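Peer 1: I have a structure here, written as structure tokens, and I will follow up with some questions on it.
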2 protein chains.
Amino acid sequence: MNAPLNAPVTVSILGLGEMGRALAAALLGAGHAVTVWNRTPGRAAQLVESGAVEAPSAGAALDSSELVIVCLFDHDSVHETLDPLVDRLRGRVLLNLTTTSPEQARELGRWADAAGVAALDGGIMAVPSMIGGPGSEILYSGDQNSFERYRHVFDRWGISSYFGADPGLASLYDIALLSGMYVMFAGYMQGAALVATAGVSATAFAERSAAWLSAMSGELVGYGRVIDGGDYTVAGQQSLDFSDLSKMLEAAAEAGVGAEPLAMVQSLIARQRDAGRGAEGFARIFESVRHADSVAGSGGGERQTTVDGSAAAA
Amino acid sequence: MNAPLNAPVTVSILGLGEMGRALAAALLGAGHAVTVWNRTPGRAAQLVESGAVEAPSAGAALDSSELVIVCLFDHDSVHETLDPLVDRLRGRVLLNLTTTSPEQARELGRWADAAGVAALDGGIMAVPSMIGGPGSEILYSGDQNSFERYRHVFDRWGISSYFGADPGLASLYDIALLSGMYVMFAGYMQGAALVATAGVSATAFAERSAAWLSAMSGELVGYGRVIDGGDYTVAGQQSLDFSDLSKMLEAAAEAGVGAEPLAMVQSLIARQRDAGRGAEGFARIFESVRHADSVAGSGGGERQTTVDGSAAAA
């Protein structure tokens, strides 16, 4: 069945937490036929008032729609809810917006494949209040045909970005981008703590930092090219030896503030210098992060990564 | 003596490393009368060709100009060069662009004060090739009258920003901004290592990261306001409990990549949650950084470990 582009679709949303309700409300606003269900009742009143149908059971919710969206507590909740209903899911498209790990998204992808269900996994880069407004973005991976077919539905929530057939990609990108964000925030705290010792307000420093970090984010593509090229000795780079942060760490100690964010970077640099790579470019700290065996906090051994095998990334 | 605005001035530059030469070249291009000196000869040829005068001694360089700029190897070099000449410096304006710590800048400020020399300290936020071009900025602190008097000279190098009379401010801001930058770069590496496990290129991830981090840097002012307000319980914040990064750390372990940048943030979060502050806002991680005694890598205090129990960045 080929629905005309932008046609209203039948869509069921399972899970009416704050995010599920925001997603449902946005689709109601776009004129789609929305059915909703939540394990514990009492969450649907406002949506029903806006035109949604509350299904009496998860199975009934599945039966009502061509597009089934789950936004539940965790990966286990998804299986608990869908496993008994797998036969009723067949022929429909499943979009999982539950927060899961890349491996969990892949597991659900295999489960859906085995059941003959076309499935997408999504990572929501927004808080519920942002859904449908500027700055909201949802990352998708999994079945590309389904993405293209329902993209006009998804676009109502924010920018829709598709990454590739590997169902784990959206979650992986989500975690990767959030990692960068949290680490950047910690870096700002490091700077704010330093300037606070001279009476500079955190707000004044934030304004300057935001402009500075935005400008410096322009350096990332250069690092990416060096990493992808696999040769950290290419000319024009700042060397790891030159990037030694000892003086900055000493200044933090002198100022009497902590230095955990900065010490983390120094540790990544030191690992490469200790391995005799000090004359190579700063981008080489990537090698300190990619190898779990040299890093606190994760197990595992050596791994190979295909630098040129970009699966997607529009 | 009040020179007309934008009038050429006599300026001496002591120290002809790559940066000193770039600074001198830019001032020659602006029509100033530039005298140069370097401890070891042979660095001035090109500048002399462009119109600079090479002084036979540091003292002669001082005698030649109203504005004396030092851009030497380190703080000790500045004293070694200027201490014997302090009488010949009196009545001139000293700008120290040597990379020094805030405490060293303050010490030099006291030294200049005692000698009756008006002094500025500067932090250069650019590499030599950027001097005089877009994106170049120099941070200043110290004697405000001198900054205003010679600002038209300094503006030739890039944006000139003045921070206050405390001579340590420029260096402190310099270190604070660079800290934020290096930590942000490490955060990008964390993300790039994660997506690399699915074959995504570091370049593709860099493009997306740059846009994402620029957008997210807009959050910093909000954190700054909370920090300055001193009340981490104000409404509308993401709590520290909600910011728990365990699932992201597990995903990194599952993917077989290191997690040192992310574990650093989790450690800052954990310290506040352990202290019973989990319901308060994320901005509270500032308190984990500002107190040196709770952080690895800085002098004096108890050594903290990361969330997984291993020693943090050394």
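Residues in the structure tokens are numbered from 1 in each chain, the chains being A, B, ... in the order shown, and ligands are numbered from 1 in the order shown.
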Apply DSSP to the backbone of this structure and, from stretch 139-298 of chain B, keep only the residues in strand (DSSP E or B); write these as a list in words.
Peer 2: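 Selection result, strand (DSSP E or B) within stretch 139-298 of chain B: Leu139, Tyr140, Ser141, Gly142, Ile159, Ser160, Ser161, Tyr162, Ser239 and Gly281 of chain B.
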Peer 1: Do you know which residues are at most 9 Å from stretch 150-164 of chain B counting only C-alpha atoms, after dropping those on the same chain fewer than 4 positions away, and could you put them as an NGL selection string?
Peer 2: :B and (5-9 or 22-23 or 26-27 or 29-30 or 32 or 67 or 130-146 or 169-170 or 173)
Peer 1: Given identical sequences, what C-alpha RMSD separates chain B from chain A after least-squares superposition over all Cα in order?
Peer 2: 6.0 Å
Peer 1: Report the residues of stretch 62-114 of chain A whose backbone DSSP state falls under helix (DSSP H, G or I), written as number ranges by chain.
Peer 2: A: 62-64, 75-89, 102-114
Peer 1: Here is a test: counting only C-alpha atoms, which residue of A:Asp166, A:Glu280, A:Asp274, A:Asp231 is nearest to chain B?
Peer 2: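 With only C-alpha atoms as the atom set, the closest residue is A:Asp166.
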Peer 1: Contacts of A:Asp113 at 12 Å or less, counting only C-alpha atoms, minus same-chain residues fewer than 5 places along, as a list in words?
Peer 2: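 My reading of the contact set: Val86, Leu89, Arg90, Gly91, Val93, Leu94, Arg106, Glu107, Leu108, Ala118, Ala119, Leu120, Gly142, Asp143 and Pro167 of chain A.
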Peer 1: Using only C-alpha atoms, which protein or nucleic acid residues come within 9 Å of stretch 193-209 of chain A? Drop anything in the same chain fewer than 6 positions from it, and give the result as a ChimeraX atom specification.
Peer 2: /A:251-252,255-258 /B:166,168-169,172-173,175-177,180-181,217-228,286-287,289-291
Peer 1: To one decimal place in Å, what is the distance between atom CA of A:Ser64 and atom CA of A:Gly109?
Peer 2: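 One can read the atom CA of A:Ser64 to atom CA of A:Gly109 distance as 22.4 Å.
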Peer 1: For stretch 79-81 of chain B, find every residue with an atom within 10 Å (counting only C-alpha atoms), except residues of its own chain fewer than 2 positions away, and show them as a list in words.
Peer 2: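 Contacts, with the query itself left out: Leu14, Gly15, Arg39, Ala58, Gly59, Val70, Leu72, Asp74, His75, Asp76, Ser77, Asp83, Pro84, Leu85, Val86, Leu108 and Trp111 of chain B.
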Peer 1: Could the residues in this selection be saved with C-alpha atoms as a PDB file, in the first residue's frame?
Peer 2:
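Output below, filename result39.pdb:
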```
ATOM      1  CA  LEU B  14      62.277  41.439  22.662  1.00  0.00           C
ATOM      2  CA  GLY B  15      62.194  37.778  21.719  1.00  0.00           C
ATOM      3  CA  ARG B  39      69.294  36.882  22.637  1.00  0.00           C
ATOM      4  CA  ALA B  58      68.247  44.427  25.023  1.00  0.00           C
ATOM      5  CA  GLY B  59      69.107  47.734  26.696  1.00  0.00           C
ATOM      6  CA  VAL B  70      58.573  40.941  25.620  1.00  0.00           C
ATOM      7  CA  LEU B  72      60.365  35.285  25.584  1.00  0.00           C
ATOM      8  CA  ASP B  74      59.274  31.795  29.996  1.00  0.00           C
ATOM      9  CA  HIS B  75      58.845  33.878  33.138  1.00  0.00           C
ATOM     10  CA  ASP B  76      62.468  33.385  34.208  1.00  0.00           C
ATOM     11  CA  SER B  77      63.726  34.615  30.830  1.00  0.00           C
ATOM     12  CA  ASP B  83      66.062  42.864  35.777  1.00  0.00           C
ATOM     13  CA  PRO B  84      69.450  44.377  34.883  1.00  0.00           C
ATOM     14  CA  LEU B  85      67.673  47.035  32.779  1.00  0.00           C
ATOM     15  CA  VAL B  86      64.920  48.098  35.123  1.00  0.00           C
ATOM     16  CA  LEU B 108      55.800  40.618  37.290  1.00  0.00           C
ATOM     17  CA  TRP B 111      57.911  44.010  40.098  1.00  0.00           C
TER      18      TRP B 111
END
```
Peer 1: When you count only C-alpha atoms, which of these residues is closest to chain B: A:Ile69, A:Met184, A:Ala211, A:Leu268?
Peer 2: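 Nearest to chain B: A:Met184.
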Peer 1: Suppose you want the space between atom CA of B:Gly281 and atom CA of A:Phe185; what is it in Å?
Peer 2: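 Result for atom CA of B:Gly281 versus atom CA of A:Phe185: 13.1 Å, one decimal.
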Peer 1: With only C-alpha atoms as the basis for distance, which of A:Met248, A:Ala283, A:Ala253, A:Ala210 is at the shortest distance from A:Thr233?
Peer 2: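 Answer, going by the shortest atom-to-atom distance: A:Ala283.
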Peer 1: Just to confirm, what's the straight-line distance from atom CA of A:Ser65 to atom CA of A:Thr98 in Å (one decimal)?
Peer 2: 18.8 Å
Peer 1: Contacts of B:Ile269 at 7 Å or less, counting only C-alpha atoms, minus same-chain residues fewer than 3 places along, as a list in words?
Peer 2: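 So the residues in contact are Leu240, Val265, Gln266, Gln272, Arg273 and Ile285 of chain B.
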Peer 1: Excluding stretch 42-49 of chain A and residues on its chain fewer than 3 positions from it, collect all residues at most 9 Å away from it, counting only C-alpha atoms, and give them as number ranges by chain.
Peer 2: A: 16-17, 21, 24-25, 28, 35-38, 52-54
Peer 1: Quick one: write out the picked residues with C-alpha atoms as an mmCIF file, in the first residue's frame?
Peer 2:
```cif
data_model
loop_
_atom_site.group_PDB
_atom_site.id
_atom_site.type_symbol
_atom_site.label_atom_id
_atom_site.label_comp_id
_atom_site.auth_asym_id
_atom_site.auth_seq_id
_atom_site.Cartn_x
_atom_site.Cartn_y
_atom_site.Cartn_z
ATOM 1 C CA LEU A 16 2.675 7.595 27.846
ATOM 2 C CA GLY A 17 5.496 8.928 29.952
ATOM 3 C CA ARG A 21 2.668 12.157 25.538
ATOM 4 C CA ALA A 24 1.495 11.801 20.604
ATOM 5 C CA ALA A 25 0.374 15.399 21.026
ATOM 6 C CA LEU A 28 -2.438 14.716 16.799
ATOM 7 C CA THR A 35 -4.164 5.528 19.238
ATOM 8 C CA VAL A 36 -2.479 5.510 22.632
ATOM 9 C CA TRP A 37 -1.871 2.941 25.350
ATOM 10 C CA ASN A 38 -0.105 2.909 28.686
ATOM 11 C CA ALA A 52 -6.630 10.374 20.443
ATOM 12 C CA VAL A 53 -8.233 6.966 20.942
ATOM 13 C CA GLU A 54 -7.179 5.127 24.099
#
```
